[in-house]
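Student: Quick one: this structure, given as structure tokens, is what I'll be asking you about.
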Number of protein chains: 2
Amino acid sequence: MRVALVQEKWSGNKEVALKKSSDAVKEAAANGAELVVLQELHQGPYFCQHEDVELFNLAESFEEDVKFWSSVAKQNSVVLVTSLFEKRAAGLYHNTAVVFEKDGTIAGKYRKMHIPDDPGFYEKFYFTPGDLGFEPIQTSVCRLGVLVCWDQWYPEAARLMALKGAEVLIYPTAIGWFDGDTEDEKKRQRDAWITVQRGHAVANGLPLISVNRVGFEADPSGQLDGIRFWGSSFVCGPQGEILAEAATDEETILYADIDLKRCETVRRWWPFLRDRRIDAYDGLLKRYID
Amino acid sequence: MRVALVQEKWSGNKEVALKKSSDAVKEAAANGAELVVLQELHQGPYFCQHEDVELFNLAESFEEDVKFWSSVAKQNSVVLVTSLFEKRAAGLYHNTAVVFEKDGTIAGKYRKMHIPDDPGFYEKFYFTPGDLGFEPIQTSVCRLGVLVCWDQWYPEAARLMALKGAEVLIYPTAIGWFDGDTEDEKKRQRDAWITVQRGHAVANGLPLISVNRVGFEADPSGQLDGIRFWGSSFVCGPQGEILAEAATDEETILYADIDLKRCETVRRWWPFLRDRRIDAYDGLLKRYID
């Protein structure tokens, strides 16, 4: 299965962004990709750098956005993973991945379950935690375990997707550096982000696709110094082996060929699912065990 | 906190092994280590390469072994993590880590919870899965999340230790290559083993110590081609950053200085425990979700 990851800079304008991303999907399809994954909140800026009620307007177009990406999937006959700002009701919004089948129908949705809230990433203000659970989405290419960004740090999320038969883990993402951090600290953070995800691939015997933004975005409020998204979109195999990795500072369409049969072999060698101690995992349902 | 990891080859003789390992503990203590970790089943060969009822004799000395390592901990005034073959009753044996306090008292025990069974690693024949759960062991240096080898592949085990207040994750280990595998495959396996553990460190904001055997051990039954243990013992910090790493083919005492206060800082930046979706993790207690 050939996959394509679209790693982009924010263009400053939604119309330009839609054109650029849909052109990328077209190019990816022309190059043989059957599955195309876009980065987190790809049709706008990473608007969570400050809290502003006006920004909920960005979600007003959700239905229209779904129609647009449906047509992009259909025109290019690809399975397409998008990441949109969903207005569900007044005062109720989600960070939602919508997955389209090759014919443009909606294959499924995933609403980001783990929501961060850190300086520059004020997502708890904008996004209600998802209520659709960790449900893989069946598509014509395979069963997709779609998660979003902060979910990347949670082995529980990846494991639940695996237990429900996901065949690949997919993370649209927006993560970056603060320029004020030391180079050592930046390296540790990026490496940690890659490592924890490769670890999910290993623990579950599944390939993994992670697509990040790239480029600098200023904080419009001027309170913080902005975020330099570190790109580094990557694909790894079921042993966590890197199959493709993008640069930290360039827009790109990254391709990889995923061998789904390899997972069967790897899981026969390392049958981790066989030995889980489900009789002793009760504590995982607790916040903390004091 | 200075830690030492004793990575050794099997010497072919228990008496020699006890002398070599206890000398290493002495040297580590002289070099300022407060915590010393030995590899899995360090006082014998990796005997699980074939199934032989006579080999249960190796567990007959368990009480005597505990006394021996107690005296080693006391003589050197170190917290010592050992890995022993425990006879609990006739026909009931465990792969047990016994942890000693600096005064030689037993700080606690951990019985390996996840038991492998693969060609060359016939552990289900020898070891009953542990029934002590995932309980950290309080010591004078800090609270140790001791696990053993195959547990390394289970994010659940590391998470439960973290939820119970472990301050460092520790894995005595025996893992290696089959010489018949390709160099690519060997690289993928070793990298996967390191990566998944670094991932546990990241996901839980905890440092991690992993101590592996090194050297070749033939299969006494002659059925398989033996195991070349890949060493690579390592220590990483709470962002998964490598603090020290041993060679793949040499005996060594590996040292690292762990900054326990760093974990507090890292967890403030990346407060993963805050956002766990315990309301949606029920499935983790299921074998598989069909």
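Going by the structure tokens order, chains are called A, B, ..., each with residues numbered from 1, while ligands are numbered from 1 in the order shown.
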Within 8 Å of stretch 25-42 of chain A, counting only C-alpha atoms, which residues qualify if same-chain residues fewer than 6 places away don't, as a PDB file with N, CA, C and O atoms, in the first residue's frame?
Tutor:
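Saved result, out.pdb, follows:
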```
ATOM      1  N   MET A   1       0.849  -1.201   0.000  1.00  0.00           N
ATOM      2  CA  MET A   1       0.000   0.000   0.000  1.00  0.00           C
ATOM      3  C   MET A   1       0.883   1.249   0.000  1.00  0.00           C
ATOM      4  O   MET A   1       1.683   1.438   0.913  1.00  0.00           O
ATOM      5  N   ARG A   2       0.730   2.077  -1.035  1.00  0.00           N
ATOM      6  CA  ARG A   2       1.500   3.326  -1.072  1.00  0.00           C
ATOM      7  C   ARG A   2       0.725   4.439  -0.352  1.00  0.00           C
ATOM      8  O   ARG A   2      -0.454   4.679  -0.634  1.00  0.00           O
ATOM      9  N   VAL A   3       1.408   5.089   0.577  1.00  0.00           N
ATOM     10  CA  VAL A   3       0.777   6.178   1.328  1.00  0.00           C
ATOM     11  C   VAL A   3       1.527   7.480   1.073  1.00  0.00           C
ATOM     12  O   VAL A   3       2.716   7.463   0.732  1.00  0.00           O
ATOM     13  N   ALA A   4       0.829   8.596   1.229  1.00  0.00           N
ATOM     14  CA  ALA A   4       1.459   9.914   1.077  1.00  0.00           C
ATOM     15  C   ALA A   4       1.065  10.783   2.265  1.00  0.00           C
ATOM     16  O   ALA A   4      -0.088  10.787   2.706  1.00  0.00           O
ATOM     17  N   LEU A   5       2.060  11.506   2.786  1.00  0.00           N
ATOM     18  CA  LEU A   5       1.856  12.393   3.930  1.00  0.00           C
ATOM     19  C   LEU A   5       2.109  13.822   3.434  1.00  0.00           C
ATOM     20  O   LEU A   5       3.177  14.105   2.879  1.00  0.00           O
ATOM     21  N   VAL A   6       1.154  14.700   3.633  1.00  0.00           N
ATOM     22  CA  VAL A   6       1.296  16.072   3.149  1.00  0.00           C
ATOM     23  C   VAL A   6       1.704  16.983   4.308  1.00  0.00           C
ATOM     24  O   VAL A   6       0.888  17.307   5.178  1.00  0.00           O
ATOM     25  N   GLN A   7       2.967  17.380   4.315  1.00  0.00           N
ATOM     26  CA  GLN A   7       3.525  18.226   5.377  1.00  0.00           C
ATOM     27  C   GLN A   7       3.618  19.655   4.854  1.00  0.00           C
ATOM     28  O   GLN A   7       4.353  19.914   3.904  1.00  0.00           O
ATOM     29  N   GLU A   8       2.878  20.585   5.485  1.00  0.00           N
ATOM     30  CA  GLU A   8       2.767  21.930   4.911  1.00  0.00           C
ATOM     31  C   GLU A   8       2.990  23.065   5.916  1.00  0.00           C
ATOM     32  O   GLU A   8       2.819  22.880   7.119  1.00  0.00           O
ATOM     33  N   TRP A  10       1.608  26.881   7.032  1.00  0.00           N
ATOM     34  CA  TRP A  10       0.366  27.657   6.941  1.00  0.00           C
ATOM     35  C   TRP A  10       0.599  28.817   5.968  1.00  0.00           C
ATOM     36  O   TRP A  10       1.564  29.585   6.098  1.00  0.00           O
ATOM     37  N   ALA A  17      -4.753  27.677   1.186  1.00  0.00           N
ATOM     38  CA  ALA A  17      -4.474  26.404   1.856  1.00  0.00           C
ATOM     39  C   ALA A  17      -5.257  25.260   1.215  1.00  0.00           C
ATOM     40  O   ALA A  17      -4.717  24.174   0.986  1.00  0.00           O
ATOM     41  N   VAL A  72     -12.528  16.157  -3.099  1.00  0.00           N
ATOM     42  CA  VAL A  72     -11.097  15.955  -3.378  1.00  0.00           C
ATOM     43  C   VAL A  72     -10.761  14.463  -3.371  1.00  0.00           C
ATOM     44  O   VAL A  72     -10.042  13.955  -4.241  1.00  0.00           O
ATOM     45  N   ASN A  76      -9.740  12.304  -6.901  1.00  0.00           N
ATOM     46  CA  ASN A  76      -8.426  11.666  -7.004  1.00  0.00           C
ATOM     47  C   ASN A  76      -8.463  10.175  -6.674  1.00  0.00           C
ATOM     48  O   ASN A  76      -7.429   9.513  -6.713  1.00  0.00           O
ATOM     49  N   SER A  77      -9.660   9.707  -6.318  1.00  0.00           N
ATOM     50  CA  SER A  77      -9.846   8.296  -5.996  1.00  0.00           C
ATOM     51  C   SER A  77      -8.829   7.780  -4.980  1.00  0.00           C
ATOM     52  O   SER A  77      -8.142   6.783  -5.195  1.00  0.00           O
ATOM     53  N   VAL A  78      -8.731   8.534  -3.878  1.00  0.00           N
ATOM     54  CA  VAL A  78      -7.856   8.105  -2.775  1.00  0.00           C
ATOM     55  C   VAL A  78      -8.660   8.043  -1.473  1.00  0.00           C
ATOM     56  O   VAL A  78      -9.668   8.736  -1.324  1.00  0.00           O
ATOM     57  N   VAL A  79      -8.191   7.227  -0.565  1.00  0.00           N
ATOM     58  CA  VAL A  79      -8.686   7.302   0.812  1.00  0.00           C
ATOM     59  C   VAL A  79      -7.959   8.489   1.437  1.00  0.00           C
ATOM     60  O   VAL A  79      -6.729   8.597   1.347  1.00  0.00           O
ATOM     61  N   LEU A  80      -8.723   9.408   2.023  1.00  0.00           N
ATOM     62  CA  LEU A  80      -8.158  10.680   2.481  1.00  0.00           C
ATOM     63  C   LEU A  80      -8.462  10.898   3.962  1.00  0.00           C
ATOM     64  O   LEU A  80      -9.618  10.832   4.388  1.00  0.00           O
ATOM     65  N   VAL A  81      -7.403  11.163   4.734  1.00  0.00           N
ATOM     66  CA  VAL A  81      -7.574  11.469   6.158  1.00  0.00           C
ATOM     67  C   VAL A  81      -7.397  12.975   6.349  1.00  0.00           C
ATOM     68  O   VAL A  81      -6.323  13.520   6.103  1.00  0.00           O
ATOM     69  N   THR A  82      -8.485  13.642   6.776  1.00  0.00           N
ATOM     70  CA  THR A  82      -8.440  15.091   6.984  1.00  0.00           C
ATOM     71  C   THR A  82      -8.545  15.386   8.482  1.00  0.00           C
ATOM     72  O   THR A  82      -8.874  14.500   9.278  1.00  0.00           O
ATOM     73  N   SER A  83      -8.268  16.645   8.836  1.00  0.00           N
ATOM     74  CA  SER A  83      -8.342  17.046  10.242  1.00  0.00           C
ATOM     75  C   SER A  83      -9.027  18.398  10.313  1.00  0.00           C
ATOM     76  O   SER A  83      -8.484  19.415   9.881  1.00  0.00           O
ATOM     77  N   LEU A  84     -10.270  18.399  10.828  1.00  0.00           N
ATOM     78  CA  LEU A  84     -11.120  19.583  10.737  1.00  0.00           C
ATOM     79  C   LEU A  84     -11.595  20.058  12.103  1.00  0.00           C
ATOM     80  O   LEU A  84     -11.558  19.309  13.084  1.00  0.00           O
ATOM     81  N   PHE A  85     -12.033  21.313  12.135  1.00  0.00           N
ATOM     82  CA  PHE A  85     -12.595  21.914  13.345  1.00  0.00           C
ATOM     83  C   PHE A  85     -14.103  21.753  13.226  1.00  0.00           C
ATOM     84  O   PHE A  85     -14.734  22.352  12.357  1.00  0.00           O
ATOM     85  N   ASN A  95     -12.102  18.553  17.745  1.00  0.00           N
ATOM     86  CA  ASN A  95     -10.975  18.434  16.824  1.00  0.00           C
ATOM     87  C   ASN A  95     -11.156  17.073  16.166  1.00  0.00           C
ATOM     88  O   ASN A  95     -10.891  16.029  16.789  1.00  0.00           O
ATOM     89  N   VAL A 141      -8.622   0.509   1.634  1.00  0.00           N
ATOM     90  CA  VAL A 141      -7.191   0.151   1.667  1.00  0.00           C
ATOM     91  C   VAL A 141      -6.862  -0.726   2.876  1.00  0.00           C
ATOM     92  O   VAL A 141      -6.097  -1.678   2.777  1.00  0.00           O
ATOM     93  N   VAL A 148      -5.276  11.617  16.910  1.00  0.00           N
ATOM     94  CA  VAL A 148      -4.840  12.972  16.592  1.00  0.00           C
ATOM     95  C   VAL A 148      -3.844  13.491  17.635  1.00  0.00           C
ATOM     96  O   VAL A 148      -4.122  13.465  18.843  1.00  0.00           O
ATOM     97  N   CYS A 149      -2.718  13.958  17.175  1.00  0.00           N
ATOM     98  CA  CYS A 149      -1.701  14.694  17.926  1.00  0.00           C
ATOM     99  C   CYS A 149      -1.489  14.241  19.380  1.00  0.00           C
ATOM    100  O   CYS A 149      -0.844  13.243  19.616  1.00  0.00           O
ATOM    101  N   PRO A 172      -2.577  12.743  12.468  1.00  0.00           N
ATOM    102  CA  PRO A 172      -2.393  14.133  12.030  1.00  0.00           C
ATOM    103  C   PRO A 172      -1.966  14.957  13.252  1.00  0.00           C
ATOM    104  O   PRO A 172      -2.500  14.731  14.349  1.00  0.00           O
ATOM    105  N   THR A 173      -1.040  15.871  13.053  1.00  0.00           N
ATOM    106  CA  THR A 173      -0.328  16.479  14.176  1.00  0.00           C
ATOM    107  C   THR A 173       0.027  17.938  13.952  1.00  0.00           C
ATOM    108  O   THR A 173       0.235  18.364  12.814  1.00  0.00           O
ATOM    109  N   ALA A 174       0.134  18.683  15.065  1.00  0.00           N
ATOM    110  CA  ALA A 174       0.709  20.039  15.039  1.00  0.00           C
ATOM    111  C   ALA A 174       1.556  20.192  16.294  1.00  0.00           C
ATOM    112  O   ALA A 174       1.034  20.467  17.371  1.00  0.00           O
ATOM    113  N   VAL A 211       1.845  12.785  10.629  1.00  0.00           N
ATOM    114  CA  VAL A 211       2.001  13.926   9.718  1.00  0.00           C
ATOM    115  C   VAL A 211       1.959  15.223  10.501  1.00  0.00           C
ATOM    116  O   VAL A 211       0.938  15.562  11.099  1.00  0.00           O
ATOM    117  N   ASN A 212       3.044  15.958  10.486  1.00  0.00           N
ATOM    118  CA  ASN A 212       3.139  17.196  11.265  1.00  0.00           C
ATOM    119  C   ASN A 212       3.172  18.431  10.363  1.00  0.00           C
ATOM    120  O   ASN A 212       3.585  18.363   9.211  1.00  0.00           O
ATOM    121  N   ARG A 213       2.742  19.543  10.933  1.00  0.00           N
ATOM    122  CA  ARG A 213       2.944  20.843  10.298  1.00  0.00           C
ATOM    123  C   ARG A 213       4.425  21.173  10.240  1.00  0.00           C
ATOM    124  O   ARG A 213       5.229  20.611  10.991  1.00  0.00           O
ATOM    125  N   ILE A 253       5.702  16.299   0.170  1.00  0.00           N
ATOM    126  CA  ILE A 253       4.815  15.134   0.143  1.00  0.00           C
ATOM    127  C   ILE A 253       5.730  13.937   0.357  1.00  0.00           C
ATOM    128  O   ILE A 253       6.630  13.681  -0.447  1.00  0.00           O
ATOM    129  N   TYR A 255       6.378   9.956   0.753  1.00  0.00           N
ATOM    130  CA  TYR A 255       5.775   8.684   0.337  1.00  0.00           C
ATOM    131  C   TYR A 255       6.397   7.506   1.071  1.00  0.00           C
ATOM    132  O   TYR A 255       7.581   7.535   1.420  1.00  0.00           O
TER     133      TYR A 255
END
```
Student: For the structure I just gave you, how does DSSP split stretch 109-279 of chain A - specifically, which residues are alpha helix (DSSP H)? Reply as an MDAnalysis selection string.
Tutor: chainID A and resid 123:126 155:163 183:204 260:269
Student: At a cut-off of 7 Å, which residues of chain B touch chain A? Count only C-alpha atoms and give the answer as a count of residues only.
Tutor: 35
Student: Using only C-alpha atoms, can you tell me which of B:Lys186, B:Lys124, B:Arg143, B:Lys102 comes closest to B:Ile170?
Tutor: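 Distance minimum relative to B:Ile170 lands on B:Arg143.
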